[in-house]
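A short worksheet on the structure shown next.
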Amino acid sequence: MTDRDGAADNPLLTPWNTPFEAPPFAAIQPEHYRPAFDAALEEHRAEIAAIASDPAPAGFANTIEALEKSGALLSRVSSVFFNLAGADTSDELEAIERDIAPLLARHHTAIYLDERLFARVAMVFDAREHLPLTSEQQRLLERIHTRFRRNGAGLPKKAKARLAEIGERLALLGTQFGQNVLADEKSYALILDGEADLAGLPDFLRASAAQAAEARGHSGKHAITLGRSSIEPFLTFSQRRDLRREAFAAWARRGENGGATDNRRIVTEMVALRAERARILGFDSFAHFRLDDTMARTPDAALDLLNTVWGPARERAVAEREALQALLEKDGETGGIEPADWRFYAERRRKALFDVDEGAIKPYLQLEKIIEAAFDIATRLFGVTFEERKDVPVYHPAVRAWEVKDCAGNHLGLFLGDYYARPSKHSGAWMSSYRDQEKLAGDIRPIVVNVMNFAEPSPGEPALLSMDDARTLFHEFGHGLHGLLSNVIYPSLSGTSVSRDFVEFPSQLYEHWLEQPQVLRRFARHFRTGEPMPEELIERLVAARRFNQGFATVEYVSSALVDMEFHLLPDGGNIDPIDFEHDVLERIDLPAGTAMRHRTPHFLHIFAGEGYSAGYYSYLWSEVLDADGFDAFEEAGDIFDPETARRLHKFVYSAGNTRDPAEAYRGFRGRLPSPGPLLRKRGFDPAQPAGEA
């Protein structure tokens with residue numbers, strides 16, 4: 001690391017003498033970030049200038065590999081900052097984020113629009129058939145050339161300037177969008193005062209709500225927050241329809257409350273800017289631009305899948321609603337089933353049909369045991385082991401760290417788990433990394449983090465999860481393994497750096513192991529008695545898998561369709577996003593009583609940055625892969641079949657983006673996937689018994 005002014009006093013700019021060179025979080029203060037970003041940007045600009053002005057003819061080593069090596073310090077500073085800005089933010093970090101996001105966008109745009117640099121990349125790309133490149137090098141060259149083209153390289157100067165302006169503005173708007181949603185979530189709590197307000201709430205929810213109230217200065221009362229682990233159980237169990245309505249309305253209105261945190265104008269501007277960028281790059285719409293570099297390739301392919309599922313899902317949801325309506329009327333309630341009612345009556349019906357209720361399941365799903373289960377499955381599939389380390393620095397007292405080793409006992413990486421909700425954390429769940437695996441700059445081992453928002457238990461009590469919570473943990477751990485098992489040379493091909501509609505495959509596939517009876521028998525144990533989940537409860541739980549799938553599918557697919565329709569607009573227009581959302585839902589005939597899983601003003605996936613913009617469909621696309629992929633293990637007669645696991649490791653979990661996703665899947669499965677297993681999984685295959693609606 002080169003000498004820099006003030007570097008000795010800035011932990012972001014000095015070597016990290018910590019176990020596994022983990023970030024020294026305790027030493028990093030908000031005032032360190034901007035000087036570190038400035039130094040890292042200056043260093044990266046100098047590296048890029050040296051590549052672009054190299055007098056030697058462009059070659060793979062002095063251009064493509066040199067680009068891969070550049071920006072290491074900027075990646076290091078950025079990874080620390082943006083991980084903390086999501087998981088443990090503050091007013092100071094949010095101010096820095098608003099300041100630095102457009103600056104970074106401008107910096108990266110300038111790289112891709114550097115004519116001298118692109119000329120060298122193009123020279124290597126044009127000569128690729130005559131160069132002695134490995135398959136990974138060929139893939140890297142193709143991906144870098146594609147990134148330059150998709151960012152405007154080769155366009156006229158005026159178009160480049162406008163793309164730079166758009167990128168900078170979108171970065172700022174995405175940051176503001178996410179911060180506004182967090183602000184609305186932090187500012188709201190439904191205070192429950194007395195037993196009447198608590199009617200129907202199980203002990204685990206009362207305990208977490210009491211703790212939430214205490215933290216908000218309402219000692220002796222209970223509070224429901226807008227975190228999913230708080231509000232979804234409340235909507236499931238509360239017998240108070242008036243309070244369910246109040247809580248659901250606040251949840252649905254995030255980002256739409258007027259004032260400084262309202263996101264409607266941000267959405268309008270972002271949709272228009274994305275459409276303009278796509279036009280400049282020669283695409284019919286932003287959706288066409290985004291999907292051109294995915295497994296789906298076109299919006300029509302994604303829409304075909306969504307529409308294939310929408311019809312049977314809607315039909316199932318309507319049947320489910322009719323059954324719930326009967327229960328509501330039996331309670332003497334008037335009117336139709338509302339979104340605030342659905343979870344409550346669905347839970348009652350599930351208990352009646354399958355003798356399974358969330359309150360009976362949760363005592364068997366201890367967070368500690370579900371973590372242990374996720375680790376054990378990774379050991380049985382891939383031979384990796386996990387050892388908790390108390391000496392590794394972490395950014396919050398609730399965060400835990402594990403060293404991950406391969407089957408030979410060699411260090412593979414670090415895994416951080418951040419499981420509990422707190423006001424400083426954005427909602428949702430995600431996987432990220434503080435360091436990606438690579439071999440170009442040495443044997444660099446990854447530092448991967450899973451971030452959740454489970455309700456924190458009372459002191460001395462274990463955290464108990466719902467089945468959805470447990471699936472979320474398995475899902476994000478599947479992403480985590482994708483980063484930890486990566487075994488590639490080049491950093492930009494590492495781990496989860498794959499196309500958006502392939503990245504969810506390893507994570508969704510991993511969810512399948514959670515619901516296997518042999519896994520539940522071993523790890524689903526009562527938190528008080530230690531007794532395993534009764535066999536008949538496991539059988540009922542498995543039997544109930546397809547219950548309420550109409551509702552679950554329409555709330556997801558409606559969100560994906562709204563996302564796609566926003567980004568199919570050829571010019572974006574000066575739309576009212578709420579009216580537009582309403583028109584789309586009316587056109588697809590969203591069943592009454594259901595709602596989008598993520599309404600537009602708080603749709604973080606597609607507007608807090610560009611990760612899933614025009615790409616929310618990818619969860620369903622990947623579900624085609626994961627349902628078909630798990631069939632490979634079942635066909636082998638062993639859900640831990642060594643040969644199937646070996647292919648999965650080789651072609652998916654360790655391969656990063658070294659192969660085209662279709663080629664990677666074919667390498668694992670021997671063929672491309674069939675949608676049949678997806679329809680069976682959700683209970684929509686007409687050739688299979690549908691079970692109870």
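Identifiers in this document derive from the order of the structure tokens: chains are assigned A, B, ..., residues are numbered from 1 separately in each chain, and ligands are numbered from 1 in order of occurrence.
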
Residues near Glu31 of chain A, cut-off 10 Å, only C-alpha atoms, skip fewer than 6 positions along chain, as a PyMOL selection string: chain A and resi 10+92-93+96

List the spatial neighbours of Leu561 of chain A as number ranges by chain - criterion: any atom at most 8 Å away, only C-alpha atoms, same-chain residues fewer than 3 positions off excluded. A: 303, 306, 557-558, 564-565, 584, 617

Kindly save the residues from that selection, with N, CA and C atoms included, as a compact mmCIF listing (two decimals), in the first residue's frame.
# COMPACT_ATOMS: atom_id res chain seq x y z
N LEU A 303 -41.70 -12.23 -18.94
CA LEU A 303 -43.14 -12.09 -18.82
C LEU A 303 -43.86 -13.39 -19.11
N LEU A 306 -43.78 -15.26 -15.85
CA LEU A 306 -44.66 -14.64 -14.87
C LEU A 306 -46.12 -14.90 -15.19
N VAL A 557 -45.73 -12.20 -7.63
CA VAL A 557 -45.78 -12.00 -9.08
C VAL A 557 -46.35 -10.62 -9.40
N SER A 558 -47.31 -10.13 -8.62
CA SER A 558 -47.84 -8.79 -8.88
C SER A 558 -46.73 -7.75 -8.73
N MET A 564 -41.72 -4.79 -13.92
CA MET A 564 -41.47 -4.91 -15.35
C MET A 564 -42.22 -3.85 -16.14
N GLU A 565 -43.46 -3.57 -15.77
CA GLU A 565 -44.25 -2.58 -16.51
C GLU A 565 -43.66 -1.18 -16.36
N VAL A 584 -51.79 -1.10 -13.34
CA VAL A 584 -51.23 -2.43 -13.62
C VAL A 584 -51.98 -3.50 -12.83
N TYR A 617 -38.43 -10.30 -11.32
CA TYR A 617 -38.87 -11.59 -11.86
C TYR A 617 -37.86 -12.70 -11.57

As a list in words, please: the residues near segment 136-149 of chain A (cut-off 7 Å, only C-alpha atoms, same-chain neighbours under 2 positions excluded). Ile64, Tyr112, Val121, Ala122, Phe125, Leu133, Thr134, Asn151, Gly152, Ala153, Thr658 and Arg659 of chain A

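Checking A:Ala592, A:Gly442, A:Glu555, A:Leu620 one by one against Gln508 of chain A, counting only C-alpha atoms, you find the shortest gap at A:Leu620.
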
Grab the atom CA of Ala95 of chain A to atom CA of Glu256 of chain A distance for me, in Å with one decimal place. 21.9 Å

Contacts of Leu113 of chain A within 12 Å, only C-alpha atoms, excl. fewer than 5 positions in-chain, as a ChimeraX atom specification: /A:48,52,106-108,118-119,121,147-164

Env of Leu412 of chain A: 7 Å cut, atoms = only C-alpha atoms, seq-sep filter 2 positions within chain, self excluded. Answer as a VMD selection string. chain A and resid 404 to 406 410 445 484

For the residues in that selection, give me N, CA and C atoms as a PDB file, in the first residue's frame.
ATOM      1  N   VAL A 404     -14.378 -20.340   8.384  1.00  0.00           N
ATOM      2  CA  VAL A 404     -14.832 -21.434   7.532  1.00  0.00           C
ATOM      3  C   VAL A 404     -13.604 -22.141   6.974  1.00  0.00           C
ATOM      4  N   LYS A 405     -13.596 -23.479   7.083  1.00  0.00           N
ATOM      5  CA  LYS A 405     -12.474 -24.273   6.582  1.00  0.00           C
ATOM      6  C   LYS A 405     -12.976 -25.286   5.567  1.00  0.00           C
ATOM      7  N   ASP A 406     -12.099 -25.650   4.638  1.00  0.00           N
ATOM      8  CA  ASP A 406     -12.475 -26.652   3.653  1.00  0.00           C
ATOM      9  C   ASP A 406     -12.310 -28.051   4.230  1.00  0.00           C
ATOM     10  N   ASN A 410      -8.150 -26.358   5.625  1.00  0.00           N
ATOM     11  CA  ASN A 410      -7.542 -25.093   5.218  1.00  0.00           C
ATOM     12  C   ASN A 410      -8.533 -23.944   5.357  1.00  0.00           C
ATOM     13  N   ARG A 445      -8.860 -14.548   0.560  1.00  0.00           N
ATOM     14  CA  ARG A 445      -9.996 -15.301   1.072  1.00  0.00           C
ATOM     15  C   ARG A 445     -11.148 -14.363   1.413  1.00  0.00           C
ATOM     16  N   LEU A 484     -18.474 -17.798  -0.259  1.00  0.00           N
ATOM     17  CA  LEU A 484     -17.408 -18.478   0.486  1.00  0.00           C
ATOM     18  C   LEU A 484     -16.723 -19.570  -0.329  1.00  0.00           C
TER      19      LEU A 484
END

Have a look at atom CA of Glu68 of chain A and atom CA of Arg34 of chain A and let me know their distance in Å, one decimal. 23.9 Å

What parts of segment 383-558 of chain A does DSSP call helix (DSSP H, G or I)? I'd like the answer as a PyMOL selection string. chain A and resi 467-484+491-493+500-514+517-523+535-543+549-558

For atom CA of Asp355 of chain A and atom CA of Met533 of chain A, quote the distance in Å rounded to one decimal. 14.0 Å

Could you please write out, as a PyMOL selection string, every residue of segment 190-411 of chain A that DSSP assigns to strand (DSSP E or B)? chain A and resi 190-192+222-224+366+385-388+400-405+411

Option closest in space to Gln518 of chain A, from A:Pro532, A:Gly200, A:Pro339, A:Pro601 [counting only C-alpha atoms]: A:Pro532

At a cut-off of 9 Å, using only C-alpha atoms, what residues contact Asp469 of chain A? Leave out same-chain residues fewer than 5 positions from it and give the result as JSON, numbers by chain. {"A": [229, 452, 454, 474]}

With only C-alpha atoms as the counted atoms, please give the residues lying no more than 9 Å from Asn450 of chain A, apart from itself and same-chain residues fewer than 3 positions off, as a ChimeraX atom specification. /A:415-419,429-433,473,476-477,479-480

Keeping C-alpha atoms for every residue in the selection just given, could you write it to a file as a PDB file, in the first residue's frame?
ATOM      1  CA  PHE A 415     -18.622 -15.721   7.781  1.00  0.00           C
ATOM      2  CA  LEU A 416     -20.359 -12.974   9.766  1.00  0.00           C
ATOM      3  CA  GLY A 417     -23.930 -13.356  11.004  1.00  0.00           C
ATOM      4  CA  ASP A 418     -25.979 -10.265  11.910  1.00  0.00           C
ATOM      5  CA  TYR A 419     -29.400 -11.604  12.822  1.00  0.00           C
ATOM      6  CA  ALA A 429     -32.372  -9.616   4.613  1.00  0.00           C
ATOM      7  CA  TRP A 430     -29.304  -9.812   2.428  1.00  0.00           C
ATOM      8  CA  MET A 431     -25.866 -11.264   1.848  1.00  0.00           C
ATOM      9  CA  SER A 432     -22.870  -9.060   1.147  1.00  0.00           C
ATOM     10  CA  SER A 433     -19.100  -9.216   1.476  1.00  0.00           C
ATOM     11  CA  LEU A 473     -31.827 -17.692   7.013  1.00  0.00           C
ATOM     12  CA  GLU A 476     -29.192 -15.890   2.654  1.00  0.00           C
ATOM     13  CA  PHE A 477     -26.800 -18.607   3.784  1.00  0.00           C
ATOM     14  CA  HIS A 479     -25.873 -16.752  -1.031  1.00  0.00           C
ATOM     15  CA  GLY A 480     -23.172 -16.803   1.634  1.00  0.00           C
TER      16      GLY A 480
END

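Ranking A:Ala655, A:Ala608, A:Ile361, A:Val271 by their shortest atom-to-atom distance to Gly495 of chain A, with only C-alpha atoms included, puts A:Ala655 first.
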
Between A:Ile444, A:Leu509, A:Met295, A:Glu586, single out the one closest to Ala662 of chain A, counting only C-alpha atoms. A:Met295

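Among the candidates A:Ala455, A:Leu198, A:Ala544, A:Leu625, the residue lying nearest to Arg228 of chain A is A:Ala455 (atoms considered: only C-alpha atoms).
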